[in-house]
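K.L.:
The structure under discussion is supplied below as structure tokens; questions concerning it will follow.
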Amino acid sequence: MSGQGFNVPPSAEFVARVSGIATMCKLPFQETADGLDAAFVGVPIDTGTSNRPGARFGPRHIRAESAMIRLYNGWTKAAPYESIRVADIGDINVNLFDLKDTCKKIREAYRKIVATGCIPLTMGGDHTIAYPILQAVAERHGPVGLIHVDAHADTSDMILGEKIGHGTPFRRCVDEGLLDCKRVVQIGLRGSGYSPDNYEWSRAQGFRVVEAVDCWHKSLVPLMEEVRSQMGTGPVYLSFDIDSLDPAFAPGTGTPEIAGLTPIQGLEIIRGCRGLNLVGCDLVEVAPAYDTTGNTALTGANLLFEMMCVLPKVKYY
């Protein structure tokens, strides 16, 4: 495969997983997105976090846990390394002392990534990062559809007097016309709130809201059939907060909420995106300090691999 111009991670049959510098899936490191169909990129910030910090260390732990991931998707038969050129392009150099400056740095970096035609697969970092990423993505593609998987709607207007934080990104995206609001779905929302209906604003914008209680004890395959129809052929961005999963499965996060999705449902959501015009994906809010077993980062790494497997042009056997 490497002779055909694709990057192929080494097999653990010949190269020890614990050897070498930790890149995502042990892929080659490349400094820019030039020549790539897709790129893994880290955004190591938690400056926008409202509860437990630590997501700035998410990208490096996701990379470390990704060493177990092999070349093919054994369930879906996806063969990404036979069909798209992908590499790890490292981390955005963020400003840990100035969140607004960090957003500027992220926006500028992603403008360069998407200008090459490369699809970014982002490792967070807290959910603030979705706002500047979507600024760059929408600048290239126009308003995008959004599949937002999360325990929280992240549509607050102000938090402690600030308009930018991990609870506000999608409010800012609507303010700036970055989203095609009729093609937005939020899945897994739950938890206590400050009003009788936490999601009134989302519904008023035309978002489809799928609360976690509506996902209990069922497969989400039928839901994703409806979501694919809703998204149509236009550009779609997938934003997956690891706290969408129940903390029994993913405790390593900053704002955990009980009674969430299962990893199986997470896979059903991502696999249900196959065939969509995905123009970017992220996996955010992995906070390793609360992840004593490494399971949260391991789950995040596998979900990112699954995202890569549903990108346009990926070959299936």
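The chains in the structure tokens are called A, B, ... from first to last as shown; in each chain the residues are counted from 1, and the ligands are counted from 1 in the order shown.
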So that each row is one residue of stretch 217-301 of chain A with an atom at most 12 Å from stretch 198-207 of chain A, can you give its shortest atom pair and the distance in Å to one decimal, using only C-alpha atoms, rows by chain and rising number, as CSV?
P.N.:
residue,atom,partner,partner_atom,distance
A:Val227,CA,A:Phe207,CA,11.5
A:Gln230,CA,A:Phe207,CA,10.7
A:Met231,CA,A:Phe207,CA,11.7
K.L.:
Please produce an output containing all heavy atoms for each residue in the selection, written as a compact mmCIF listing (two decimals), in the first residue's frame.
P.N.:
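Written file, selection.txt:
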# COMPACT_ATOMS: atom_id res chain seq x y z
N VAL A 227 -31.29 10.84 10.42
CA VAL A 227 -30.30 11.91 10.41
C VAL A 227 -29.65 12.03 9.03
O VAL A 227 -29.45 13.15 8.52
CB VAL A 227 -29.23 11.69 11.49
CG1 VAL A 227 -28.05 12.64 11.33
CG2 VAL A 227 -29.85 11.84 12.88
N GLN A 230 -31.95 13.89 6.88
CA GLN A 230 -31.95 15.30 7.27
C GLN A 230 -30.73 16.02 6.73
O GLN A 230 -30.82 17.17 6.27
CB GLN A 230 -31.99 15.42 8.79
CG GLN A 230 -31.95 16.85 9.32
CD GLN A 230 -31.88 16.90 10.85
OE1 GLN A 230 -31.91 15.87 11.53
NE2 GLN A 230 -31.78 18.09 11.41
N MET A 231 -29.56 15.40 6.76
CA MET A 231 -28.31 16.04 6.36
C MET A 231 -28.20 16.17 4.84
O MET A 231 -27.56 17.09 4.34
CB MET A 231 -27.11 15.25 6.90
CG MET A 231 -27.03 15.26 8.41
SD MET A 231 -26.80 16.92 9.09
CE MET A 231 -27.58 16.74 10.69
K.L.:
For A:Phe249, work out the shell of residues within 8 Å, counting only C-alpha atoms and skipping chain neighbours fewer than 5 positions away, then give it as a PyMOL selection string.
P.N.:
chain A and resi 262-263+295-296
K.L.:
Those same residues, written as a compact mmCIF listing (two decimals), in the first residue's frame with C-alpha atoms?
P.N.:
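Printed below is again.txt as written:
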# COMPACT_ATOMS: atom_id res chain seq x y z
CA THR A 262 -23.14 3.60 25.63
CA PRO A 263 -19.99 3.07 23.52
CA ASN A 295 -10.50 3.74 29.09
CA THR A 296 -11.75 7.22 28.20
K.L.:
Could you give me, as JSON, numbers by chain, the residues within 6 Å of stretch 77-79 of chain A, counting only C-alpha atoms and dropping anything in the same chain fewer than 3 positions from it?
P.N.:
{"A": [72, 73, 74, 82, 309, 315, 316, 317]}
K.L.:
Atoms to include: C-alpha atoms. Write the selected residues as a short mmCIF file (atom, residue, chain, number, x, y, z; two decimals), in the first residue's frame.
P.N.:
data_model
loop_
_atom_site.label_atom_id
_atom_site.label_comp_id
_atom_site.auth_asym_id
_atom_site.auth_seq_id
_atom_site.Cartn_x
_atom_site.Cartn_y
_atom_site.Cartn_z
CA TYR A 72 -8.75 -2.45 9.04
CA ASN A 73 -12.13 -2.01 10.69
CA GLY A 74 -12.99 -5.61 11.44
CA GLU A 82 -5.92 1.63 1.17
CA CYS A 309 -13.46 5.09 8.41
CA LYS A 315 -12.85 1.87 0.60
CA TYR A 316 -14.95 -0.93 2.07
CA TYR A 317 -14.51 -4.64 1.46
#
K.L.:
Output as a VMD selection string all residues of stretch 149-249 of chain A that backbone DSSP marks as alpha helix (DSSP H).
P.N.:
chain A and resid 169 to 175 200 to 204 221 to 231
K.L.:
Would you write out, as CSV, a table of all residues in stretch 166-285 of chain A that have an atom no more than 6 Å from an atom of stretch 114-135 of chain A, listing for each the closest atom pair and the distance in Å to one decimal, considering only C-alpha atoms and ordering rows by chain and rising residue number?
P.N.:
residue,atom,partner,partner_atom,distance
A:His166,CA,A:Thr128,CA,4.1
A:Pro169,CA,A:Tyr131,CA,4.9
A:Val279,CA,A:Ile119,CA,5.5
A:Gly280,CA,A:Pro120,CA,5.1
A:Cys281,CA,A:Leu121,CA,5.0
A:Asp282,CA,A:Thr122,CA,4.4
A:Leu283,CA,A:Met123,CA,5.3
A:Val284,CA,A:Gly124,CA,4.2
A:Glu285,CA,A:Asp126,CA,4.7
K.L.:
Tell me, as JSON, numbers by chain, which residues lie within 9 Å of stretch 213-222 of chain A, counting only C-alpha atoms; anything in the same chain fewer than 2 positions away does not count.
P.N.:
{"A": [187, 188, 189, 190, 210, 211, 224, 225, 226, 227, 259, 260, 261, 264, 265, 266, 268, 269, 271, 272]}
K.L.:
Ranking A:Thr299, A:Ser195, A:Thr102, A:Thr168 by minimum distance to A:Pro247 and counting only C-alpha atoms, which one comes first?
P.N.:
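Checking each of A:Thr299, A:Ser195, A:Thr102, A:Thr168 against A:Pro247, counting only C-alpha atoms, the winner is A:Thr299.
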K.L.:
Mind dumping a table of every stretch 145-252 of chain A residue within 12 Å of stretch 58-69 of chain A, with the nearest atom pair and its distance in Å to one decimal, using only C-alpha atoms, sorted by chain and rising number, as a Markdown table?
P.N.:
| residue | atom | partner | partner_atom | distance |
| --- | --- | --- | --- | --- |
| A:Asp241 | CA | A:Gly58 | CA | 12.0 |
| A:Ile242 | CA | A:Gly58 | CA | 10.8 |
| A:Gly252 | CA | A:Gly58 | CA | 9.4 |
K.L.:
Given the choices A:Ala212, A:Ala287, A:Lys313, A:Gly145, which gets closest to A:Ser229 if the distance is worked out from only C-alpha atoms?
P.N.:
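Selected residue with least distance to A:Ser229: A:Gly145.
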K.L.:
Counting only C-alpha atoms, figure out which residue out of A:Ile45, A:Val149, A:Leu160, A:Val174 gets nearest to A:Val209.
P.N.:
A:Val149
K.L.:
Could you check how far atom CA of A:Gly42 sits from atom CA of A:Tyr237, in Å to one decimal?
P.N.:
16.8 Å
K.L.:
How far is it from atom CA of A:Asn51 to atom CA of A:Gly254, in Å with one decimal?
P.N.:
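Between these atoms lies a distance of 5.8 Å.
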K.L.:
DSSP on the backbone, then: every residue of stretch 98-175 of chain A marked strand (DSSP E or B), written as a CSV table (one decimal) with N, CA, C and O atoms, in the first residue's frame.
P.N.:
chain,number,residue,atom,x,y,z
A,119,ILE,N,-9.4,16.9,5.2
A,119,ILE,CA,-10.5,16.9,6.2
A,119,ILE,C,-9.8,16.7,7.6
A,119,ILE,O,-9.1,15.7,7.8
A,120,PRO,N,-10.0,17.7,8.5
A,120,PRO,CA,-9.4,17.6,9.8
A,120,PRO,C,-10.2,16.6,10.7
A,120,PRO,O,-11.4,16.7,10.8
A,121,LEU,N,-9.4,15.8,11.4
A,121,LEU,CA,-9.9,14.9,12.5
A,121,LEU,C,-9.3,15.3,13.8
A,121,LEU,O,-8.1,15.1,14.0
A,122,THR,N,-10.0,16.1,14.6
A,122,THR,CA,-9.4,16.8,15.7
A,122,THR,C,-9.6,16.1,17.0
A,122,THR,O,-10.6,15.6,17.4
A,123,MET,N,-8.5,16.2,17.8
A,123,MET,CA,-8.4,15.7,19.1
A,123,MET,C,-8.4,16.8,20.1
A,123,MET,O,-7.5,17.6,20.1
A,124,GLY,N,-9.5,17.0,20.9
A,124,GLY,CA,-9.5,18.0,21.9
A,124,GLY,C,-8.9,17.6,23.2
A,124,GLY,O,-8.6,16.4,23.4
A,144,VAL,N,-22.7,24.8,7.4
A,144,VAL,CA,-22.6,23.3,7.4
A,144,VAL,C,-23.7,22.7,8.2
A,144,VAL,O,-24.2,23.3,9.2
A,145,GLY,N,-24.1,21.5,7.9
A,145,GLY,CA,-24.9,20.7,8.8
A,145,GLY,C,-24.0,20.2,10.0
A,145,GLY,O,-22.8,20.1,9.9
A,146,LEU,N,-24.6,19.9,11.1
A,146,LEU,CA,-23.9,19.6,12.3
A,146,LEU,C,-24.5,18.4,13.0
A,146,LEU,O,-25.7,18.4,13.3
A,147,ILE,N,-23.7,17.4,13.2
A,147,ILE,CA,-24.1,16.2,14.1
A,147,ILE,C,-23.3,16.4,15.4
A,147,ILE,O,-22.1,16.3,15.4
A,148,HIS,N,-24.0,16.8,16.5
A,148,HIS,CA,-23.4,17.2,17.7
A,148,HIS,C,-23.8,16.1,18.8
A,148,HIS,O,-25.0,16.0,19.1
A,149,VAL,N,-22.9,15.4,19.2
A,149,VAL,CA,-23.1,14.3,20.2
A,149,VAL,C,-22.5,14.8,21.5
A,149,VAL,O,-21.3,15.0,21.7
A,159,ILE,N,-21.2,33.0,29.9
A,159,ILE,CA,-20.8,32.2,31.1
A,159,ILE,C,-19.8,33.1,31.9
A,159,ILE,O,-18.7,33.4,31.4
A,162,GLU,N,-18.5,36.0,30.0
A,162,GLU,CA,-17.7,35.7,28.8
A,162,GLU,C,-18.6,35.0,27.7
A,162,GLU,O,-19.4,34.1,28.0
